file entry.pdb (PDB, C-alpha atoms)
ATOM      1  CA  MET A   1      70.079  84.480 220.361
ATOM      2  CA  GLN A   2      69.485  84.198 224.094
ATOM      3  CA  ASP A   3      70.522  87.841 224.516
ATOM      4  CA  PHE A   4      68.063  88.890 221.817
ATOM      5  CA  GLY A   5      65.334  86.828 223.425
ATOM      6  CA  ALA A   6      66.023  88.398 226.804
ATOM      7  CA  ALA A   7      66.032  91.863 225.231
ATOM      8  CA  PHE A   8      62.626  91.255 223.637
ATOM      9  CA  GLY A   9      61.321  89.979 226.956
ATOM     10  CA  GLU A  10      62.558  93.085 228.752
ATOM     11  CA  ALA A  11      61.121  95.289 226.004
ATOM     12  CA  PHE A  12      57.640  93.793 226.382
ATOM     13  CA  ALA A  13      57.992  94.073 230.159
ATOM     14  CA  LEU A  14      58.762  97.789 229.822
ATOM     15  CA  ILE A  15      55.697  98.283 227.628
ATOM     16  CA  ALA A  16      53.383  96.206 229.798
ATOM     17  CA  GLY A  17      54.630  97.889 232.962
ATOM     18  CA  LEU A  18      54.267 101.385 231.454
ATOM     19  CA  ASP A  19      57.875 102.158 232.356
ATOM     20  CA  ALA A  20      58.241 105.814 233.376
ATOM     21  CA  GLY A  21      61.240 106.447 231.121
ATOM     22  CA  LEU A  22      59.523 104.830 228.167
ATOM     23  CA  MET A  23      56.313 106.800 228.714
ATOM     24  CA  GLU A  24      58.241 110.065 229.053
ATOM     25  CA  ILE A  25      59.946 109.544 225.692
ATOM     26  CA  ILE A  26      56.694 108.519 223.986
ATOM     27  CA  GLY A  27      54.828 111.475 225.483
ATOM     28  CA  LEU A  28      57.405 113.993 224.247
ATOM     29  CA  SER A  29      57.427 112.341 220.820
ATOM     30  CA  MET A  30      53.654 112.676 220.555
ATOM     31  CA  ARG A  31      53.662 116.321 221.672
ATOM     32  CA  VAL A  32      56.378 117.286 219.213
ATOM     33  CA  THR A  33      54.930 115.302 216.312
ATOM     34  CA  PHE A  34      51.295 116.375 216.685
ATOM     35  CA  SER A  35      52.297 120.020 217.205
ATOM     36  CA  ALA A  36      54.426 119.938 214.048
ATOM     37  CA  VAL A  37      51.681 118.285 211.986
ATOM     38  CA  LEU A  38      49.091 120.788 213.235
ATOM     39  CA  ILE A  39      51.327 123.702 212.199
ATOM     40  CA  ALA A  40      52.008 122.010 208.861
ATOM     41  CA  CYS A  41      48.255 121.611 208.265
ATOM     42  CA  VAL A  42      47.558 125.254 209.096
ATOM     43  CA  ILE A  43      50.155 126.291 206.507
ATOM     44  CA  GLY A  44      49.988 123.451 203.995
ATOM     45  CA  LEU A  45      46.221 123.092 203.482
ATOM     46  CA  PRO A  46      45.540 126.687 202.388
ATOM     47  CA  LEU A  47      48.837 126.842 200.487
ATOM     48  CA  GLY A  48      47.976 123.727 198.505
ATOM     49  CA  ALA A  49      44.469 125.032 197.807
ATOM     50  CA  VAL A  50      45.796 128.386 196.590
ATOM     51  CA  LEU A  51      48.241 126.626 194.271
ATOM     52  CA  ALA A  52      45.371 124.527 192.893
ATOM     53  CA  VAL A  53      42.826 127.305 192.401
ATOM     54  CA  GLY A  54      44.946 130.429 191.987
ATOM     55  CA  ARG A  55      46.256 131.695 188.681
ATOM     56  CA  PHE A  56      49.199 134.057 189.147
ATOM     57  CA  PRO A  57      52.719 134.581 187.764
ATOM     58  CA  GLY A  58      55.191 132.039 189.108
ATOM     59  CA  ARG A  59      52.496 129.545 190.139
ATOM     60  CA  HIS A  60      53.999 126.719 188.103
ATOM     61  CA  ILE A  61      57.412 127.320 189.655
ATOM     62  CA  LEU A  62      55.884 127.219 193.146
ATOM     63  CA  VAL A  63      54.079 123.965 192.351
ATOM     64  CA  VAL A  64      57.317 122.376 191.177
ATOM     65  CA  LEU A  65      59.174 123.724 194.207
ATOM     66  CA  VAL A  66      56.632 122.429 196.715
ATOM     67  CA  SER A  67      56.617 119.025 195.029
ATOM     68  CA  ALA A  68      60.421 118.918 195.077
ATOM     69  CA  LEU A  69      60.512 119.831 198.768
ATOM     70  CA  MET A  70      58.567 116.652 199.581
ATOM     71  CA  GLY A  71      61.903 114.853 199.297
ATOM     72  CA  LEU A  72      63.853 117.415 201.285
ATOM     73  CA  PRO A  73      66.712 115.669 203.171
ATOM     74  CA  PRO A  74      66.008 115.839 206.925
ATOM     75  CA  VAL A  75      69.637 116.521 207.826
ATOM     76  CA  VAL A  76      69.629 119.558 205.525
ATOM     77  CA  VAL A  77      66.507 120.871 207.269
ATOM     78  CA  GLY A  78      68.126 120.191 210.629
ATOM     79  CA  LEU A  79      71.255 122.075 209.594
ATOM     80  CA  ALA A  80      69.245 125.030 208.282
ATOM     81  CA  VAL A  81      67.167 125.275 211.476
ATOM     82  CA  TYR A  82      70.322 124.865 213.575
ATOM     83  CA  LEU A  83      71.996 127.792 211.790
ATOM     84  CA  MET A  84      68.857 129.880 212.140
ATOM     85  CA  LEU A  85      68.442 129.206 215.872
ATOM     86  CA  SER A  86      72.109 129.098 216.937
ATOM     87  CA  ALA A  87      73.577 131.937 218.985
ATOM     88  CA  ALA A  88      75.063 133.491 215.843
ATOM     89  CA  GLY A  89      71.881 132.997 213.816
ATOM     90  CA  PRO A  90      69.095 135.503 213.157
ATOM     91  CA  LEU A  91      66.794 133.897 215.759
ATOM     92  CA  GLY A  92      69.484 133.016 218.275
ATOM     93  CA  VAL A  93      68.151 135.584 220.728
ATOM     94  CA  LEU A  94      65.075 133.368 221.232
ATOM     95  CA  GLN A  95      67.286 130.594 222.664
ATOM     96  CA  LEU A  96      65.212 127.841 221.079
ATOM     97  CA  LEU A  97      68.061 125.533 220.059
ATOM     98  CA  TYR A  98      68.041 122.176 221.870
ATOM     99  CA  THR A  99      64.432 122.578 222.926
ATOM    100  CA  PRO A 100      61.238 120.771 221.847
ATOM    101  CA  THR A 101      60.216 123.956 220.029
ATOM    102  CA  ALA A 102      63.225 123.669 217.719
ATOM    103  CA  MET A 103      62.260 120.084 216.983
ATOM    104  CA  ILE A 104      58.687 121.139 216.190
ATOM    105  CA  ILE A 105      59.990 123.789 213.765
ATOM    106  CA  ALA A 106      62.205 121.270 211.968
ATOM    107  CA  GLN A 107      59.421 118.685 211.677
ATOM    108  CA  ALA A 108      56.899 121.289 210.510
ATOM    109  CA  ILE A 109      59.282 122.372 207.727
ATOM    110  CA  LEU A 110      59.616 118.748 206.617
ATOM    111  CA  VAL A 111      55.907 117.941 206.736
ATOM    112  CA  THR A 112      54.433 121.142 205.264
ATOM    113  CA  PRO A 113      55.491 120.434 201.629
ATOM    114  CA  ILE A 114      53.988 116.934 201.858
ATOM    115  CA  ILE A 115      50.622 118.225 203.041
ATOM    116  CA  ALA A 116      50.667 121.174 200.626
ATOM    117  CA  SER A 117      51.507 119.017 197.616
ATOM    118  CA  LEU A 118      48.883 116.360 198.412
ATOM    119  CA  THR A 119      46.312 119.095 199.073
ATOM    120  CA  ARG A 120      47.072 120.726 195.732
ATOM    121  CA  GLN A 121      46.481 117.444 193.911
ATOM    122  CA  VAL A 122      43.167 116.805 195.682
ATOM    123  CA  ILE A 123      41.849 120.362 195.302
ATOM    124  CA  ASP A 124      43.014 120.568 191.672
ATOM    125  CA  ASP A 125      40.887 117.527 190.796
ATOM    126  CA  LEU A 126      37.833 118.957 192.572
ATOM    127  CA  HIS A 127      38.382 122.392 191.068
ATOM    128  CA  GLY A 128      38.257 120.947 187.567
ATOM    129  CA  GLU A 129      34.991 119.218 188.417
ATOM    130  CA  TYR A 130      33.187 122.044 190.235
ATOM    131  CA  ASP A 131      34.740 125.203 188.789
ATOM    132  CA  GLU A 132      31.844 126.109 186.511
ATOM    133  CA  LEU A 133      29.251 125.326 189.178
ATOM    134  CA  LEU A 134      30.964 127.488 191.775
ATOM    135  CA  ARG A 135      31.399 130.332 189.297
ATOM    136  CA  SER A 136      27.719 130.177 188.373
ATOM    137  CA  MET A 137      26.908 130.520 192.076
ATOM    138  CA  GLY A 138      29.009 133.688 192.240
ATOM    139  CA  ALA A 139      31.759 132.262 194.464
ATOM    140  CA  ASN A 140      34.946 134.301 194.625
ATOM    141  CA  ARG A 141      38.414 132.781 194.985
ATOM    142  CA  VAL A 142      38.306 132.731 198.795
ATOM    143  CA  GLY A 143      34.843 131.194 198.869
ATOM    144  CA  MET A 144      35.836 128.680 196.228
ATOM    145  CA  ILE A 145      38.906 127.609 198.210
ATOM    146  CA  ALA A 146      36.907 127.305 201.428
ATOM    147  CA  THR A 147      34.196 125.244 199.703
ATOM    148  CA  LEU A 148      36.670 122.908 198.039
ATOM    149  CA  LEU A 149      38.639 122.405 201.256
ATOM    150  CA  TRP A 150      35.463 121.470 203.109
ATOM    151  CA  ASP A 151      34.254 119.168 200.348
ATOM    152  CA  ALA A 152      37.647 117.408 200.270
ATOM    153  CA  ARG A 153      37.976 117.143 204.060
ATOM    154  CA  TYR A 154      38.101 113.332 204.116
ATOM    155  CA  SER A 155      40.767 113.164 201.435
ATOM    156  CA  LEU A 156      42.704 115.922 203.161
ATOM    157  CA  LEU A 157      42.717 113.918 206.385
ATOM    158  CA  THR A 158      44.730 111.324 204.499
ATOM    159  CA  ALA A 159      47.223 114.062 203.638
ATOM    160  CA  ALA A 160      47.473 114.975 207.311
ATOM    161  CA  LEU A 161      47.993 111.327 208.259
ATOM    162  CA  ALA A 162      50.685 110.996 205.605
ATOM    163  CA  GLY A 163      52.426 113.965 207.205
ATOM    164  CA  LEU A 164      52.002 112.377 210.620
ATOM    165  CA  GLY A 165      53.655 109.176 209.435
ATOM    166  CA  ARG A 166      56.562 111.195 208.027
ATOM    167  CA  ALA A 167      56.997 113.118 211.267
ATOM    168  CA  LEU A 168      56.870 109.995 213.439
ATOM    169  CA  ALA A 169      59.780 108.443 211.539
ATOM    170  CA  GLU A 170      61.966 111.557 211.565
ATOM    171  CA  VAL A 171      65.361 111.287 213.271
ATOM    172  CA  GLY A 172      68.028 113.338 211.455
ATOM    173  CA  ALA A 173      66.628 116.842 211.809
ATOM    174  CA  VAL A 174      65.394 116.433 215.388
ATOM    175  CA  MET A 175      68.732 114.956 216.414
ATOM    176  CA  ILE A 176      70.566 118.031 215.106
ATOM    177  CA  VAL A 177      68.313 120.716 216.561
ATOM    178  CA  GLY A 178      67.213 118.847 219.684
ATOM    179  CA  GLY A 179      70.500 117.324 220.736
ATOM    180  CA  ASN A 180      68.838 114.145 222.100
ATOM    181  CA  ILE A 181      69.048 115.475 225.673
ATOM    182  CA  ASN A 182      67.658 113.107 228.288
ATOM    183  CA  HIS A 183      64.380 114.309 229.890
ATOM    184  CA  VAL A 184      64.403 117.353 227.557
ATOM    185  CA  THR A 185      64.518 116.506 223.845
ATOM    186  CA  ARG A 186      64.841 112.726 223.658
ATOM    187  CA  VAL A 187      62.124 111.301 221.402
ATOM    188  CA  MET A 188      61.493 107.776 220.182
ATOM    189  CA  THR A 189      63.635 107.811 217.041
ATOM    190  CA  THR A 190      66.635 109.506 218.647
ATOM    191  CA  ALA A 191      66.375 107.295 221.732
ATOM    192  CA  ILE A 192      66.349 104.171 219.552
ATOM    193  CA  ALA A 193      69.509 105.349 217.763
ATOM    194  CA  LEU A 194      71.264 106.139 221.054
ATOM    195  CA  GLU A 195      70.242 103.000 222.927
ATOM    196  CA  THR A 196      71.209 100.779 219.992
ATOM    197  CA  SER A 197      74.658 102.381 219.805
ATOM    198  CA  LYS A 198      75.049 101.741 223.550
ATOM    199  CA  GLY A 199      73.964  98.121 223.159
ATOM    200  CA  ALA A 200      70.960  98.697 225.457
ATOM    201  CA  LEU A 201      68.524  96.798 223.265
ATOM    202  CA  ALA A 202      65.584  96.465 225.670
ATOM    203  CA  LEU A 203      64.571 100.131 225.615
ATOM    204  CA  ALA A 204      65.396 100.440 221.906
ATOM    205  CA  LEU A 205      63.219  97.429 221.085
ATOM    206  CA  GLY A 206      60.401  98.670 223.297
ATOM    207  CA  LEU A 207      60.387 102.033 221.557
ATOM    208  CA  GLY A 208      60.716 100.342 218.178
ATOM    209  CA  ILE A 209      57.682  98.175 218.856
ATOM    210  CA  ILE A 210      55.651 101.234 219.842
ATOM    211  CA  LEU A 211      56.859 103.156 216.781
ATOM    212  CA  VAL A 212      55.980 100.321 214.411
ATOM    213  CA  GLY A 213      52.582 100.011 216.076
ATOM    214  CA  LEU A 214      51.925 103.718 215.579
ATOM    215  CA  SER A 215      52.993 103.480 211.933
ATOM    216  CA  ILE A 216      50.576 100.595 211.397
ATOM    217  CA  LEU A 217      47.773 102.621 213.008
ATOM    218  CA  VAL A 218      48.536 105.597 210.758
ATOM    219  CA  ASN A 219      48.463 103.426 207.629
ATOM    220  CA  ALA A 220      45.281 101.702 208.808
ATOM    221  CA  GLY A 221      43.764 105.132 209.329
ATOM    222  CA  LEU A 222      44.783 106.148 205.804
ATOM    223  CA  MET A 223      43.122 103.080 204.319
ATOM    224  CA  GLY A 224      39.998 103.550 206.403
ATOM    225  CA  LEU A 225      39.655 107.198 205.406
ATOM    226  CA  ARG A 226      40.124 106.371 201.727
ATOM    227  CA  LYS A 227      37.376 103.768 201.893
ATOM    228  CA  SER A 228      35.094 106.176 203.767
ATOM    229  CA  ALA A 229      35.726 108.877 201.175
ATOM    230  CA  GLU A 230      34.965 106.428 198.359
ATOM    231  CA  ARG A 231      31.694 105.352 199.996
ATOM    232  CA  LEU A 232      30.646 108.975 200.489
ATOM    233  CA  ALA A 233      31.573 109.840 196.914
ATOM    234  CA  TYR A 234      29.331 107.127 195.508
ATOM    235  CA  ALA A 235      26.557 107.374 198.114
TER
END
call {"tool": "encode", "arguments": {"input": "entry.pdb", "output": "structure tokens"}}
result
Amino acid sequence: MQDFGAAFGEAFALIAGLDAGLMEIIGLSMRVTFSAVLIACVIGLPLGAVLAVGRFPGRHILVVLVSALMGLPPVVVGLAVYLMLSAAGPLGVLQLLYTPTAMIIAQAILVTPIIASLTRQVIDDLHGEYDELLRSMGANRVGMIATLLWDARYSLLTAALAGLGRALAEVGAVMIVGGNINHVTRVMTTAIALETSKGALALALGLGIILVGLSILVNAGLMGLRKSAERLAYA
């Protein structure tokens, strides 16, 4: 118990002192995570809207597929990206394996189905409510999608935050494609796994405290946005 107490004390000391190693790991984690979520939003928001509004052959299959991919195992994504970026893979010439870019790709693949599926649900509800109105105003499919995306912007922010929470907690895929290389690809989740296996609990606990704090902030943001959206809807 004394060792655990000392480890917690050292962990809080690292956080309070803004330890350089700790800050480096947190900074890389934030860059990788926010980049991946941004890419996922650029792909997932319009994809979800098209699946909600569009009517084309194979749409139902795509909806089921996107929903199923929300539970895609991270290690499978990591393996697929590893094979794609390895020297023998189709994109091996880019030499992206064991770089932050590879980690961003893996996280974006994991997060995109989440954002796309949540977007489809939100836009589908709005489409059913405003379809006749938008048609009477002469809106085409593109204009309809743009209007619905803008009208649902607060609800879609919750989808983005849900993707952010998923990306923050990711460890399997980024471990495979990033290699957990010190000062290069070591992020919070992979550092926690490594430091715990080494028995170096202070840094692991410090990173864990920060990670839990970020998760709480994300969930608080989700709740706040939902309440704001509800107030605006009934204003």
call {"tool": "residues_near_point", "arguments": {"input": "entry.pdb", "point": "(66.3, 125.3, 204.6)", "cutoff": "12 Å", "atoms": "only C-alpha atoms", "output": "number ranges by chain"}}
result
A: 69, 72-84, 105-110, 173
call {"tool": "atom_distance", "arguments": {"input": "entry.pdb", "atom1": "CA of Ile123 (chain A)", "atom2": "CA of Gly48 (chain A)"}}
result
7.7 Å
call {"tool": "residues_around", "arguments": {"input": "entry.pdb", "residues": "Glu24 (chain A)", "least_positions_apart": "3", "cutoff": "12 Å", "atoms": "only C-alpha atoms", "output": "list of chain:residue names"}}
result
A:Leu18, A:Asp19, A:Ala20, A:Gly21, A:Gly27, A:Leu28, A:Ser29, A:Met30, A:Arg31, A:Asn182, A:His183, A:Val184, A:Thr185, A:Arg186, A:Val187, A:Met188, A:Ala191, A:Leu207
call {"tool": "closest_residue", "arguments": {"input": "entry.pdb", "among": "A:Ser35, A:Ser155, A:Thr119, A:Thr99", "to": "Gly178 (chain A)", "atoms": "only C-alpha atoms"}}
result
A:Thr99
call {"tool": "resolve_selection", "arguments": {"input": "entry.pdb", "expression": "the PyMOL selection byres ((chain A and resi 194) around 12)", "output": "VMD selection string"}}
result
chain A and resid 171 175 179 to 182 186 to 193 195 to 201 203 to 205 207
call {"tool": "atom_distance", "arguments": {"input": "entry.pdb", "atom1": "CA of Ala13 (chain A)", "atom2": "CA of Ala220 (chain A)"}}
result
26.0 Å
call {"tool": "closest_residue", "arguments": {"input": "entry.pdb", "among": "A:His60, A:Val174, A:Leu126, A:Val111", "to": "Asp151 (chain A)", "atoms": "only C-alpha atoms"}}
result
A:Leu126
